[in-house]
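See structure below.
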Amino acid sequence: MEATDRTDEQSQKYDLSSAQAVNFAETVQGHQTGSTINNYSANLNDITRLITNLRESAQAFPNEQREDIVLELDDLEIDVNNPEPDQNRIARRLKRLAAITMTLGAIVGGTDTLSDHLNTFAGNVIALTQMLGIPLDRM
């Protein structure tokens with residue numbers, strides 16, 4: 001029986017540079033290893049554009065909510081640019097943005113100008129959740 005060279009099998013290279021969300025598992029010498037790789041680089045320009053739109057919409061909101069939004073967006077931007085983004089952390093940030101949106105809805109009421117900004121803001125939060133692959137039910 002001919003011996004096979006396991007060195008090549010064990011040192012396989014995986015090119016996942018364009019992957020968005022991949023569940024990756026490999027068996028190495030009888031042990032199962034696995035992880036989730038989230039790479040938003042393919043959509044990073046669109047994600048950055050949505051975050052910028054959220055910042056612009058937030059300028060019309062009352063100071064307290066605007067400050068909360070800016071802090072969350074700063075942290076969210078850092079998280080999505082991380083080489084290994086934590087989807088749970090990103091989901092929590094999106095959940096906070098959604099909660100702020102609901103609070104603003106109660107504050108704004110029927111004010112036309114703020115309602116328009118709030119609708120735009122809410123639409124961009126939803127678009128961002130879809131682009132990041134964070135299901136709304138996870139929020």
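Chains: A, B, ... in order of the structure tokens. Residues: from 1 per chain. Ligands: from 1, in order shown.
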
Q) segment 67-83 of chain A: which residues within 12 Å, counting only C-alpha atoms, same-chain residues fewer than 5 positions away excluded, as a PyMOL selection string? A) chain A and resi 16-17+19-20+37-62+88-101+103-104+121+125+128-129+131-133

Q. When you draw a straight line from atom CA of Arg66 of chain A to atom CA of Pro135 of chain A, how long is it in Å?
A. 24.8 Å

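Closest approach to Met102 of chain A from the set A:Asn124, A:Glu64, A:Pro85, A:Leu118 is made by A:Leu118, with distances taken over only C-alpha atoms.
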
**Q.** DSSP alpha helix (DSSP H) residues within segment 75-125 of chain A, as a ChimeraX atom specification
**A.** /A:75-81,87-108,112-125

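Across the structure, atom CA of Gly123 of chain A and atom CA of Asn63 of chain A are spaced 20.9 Å apart.
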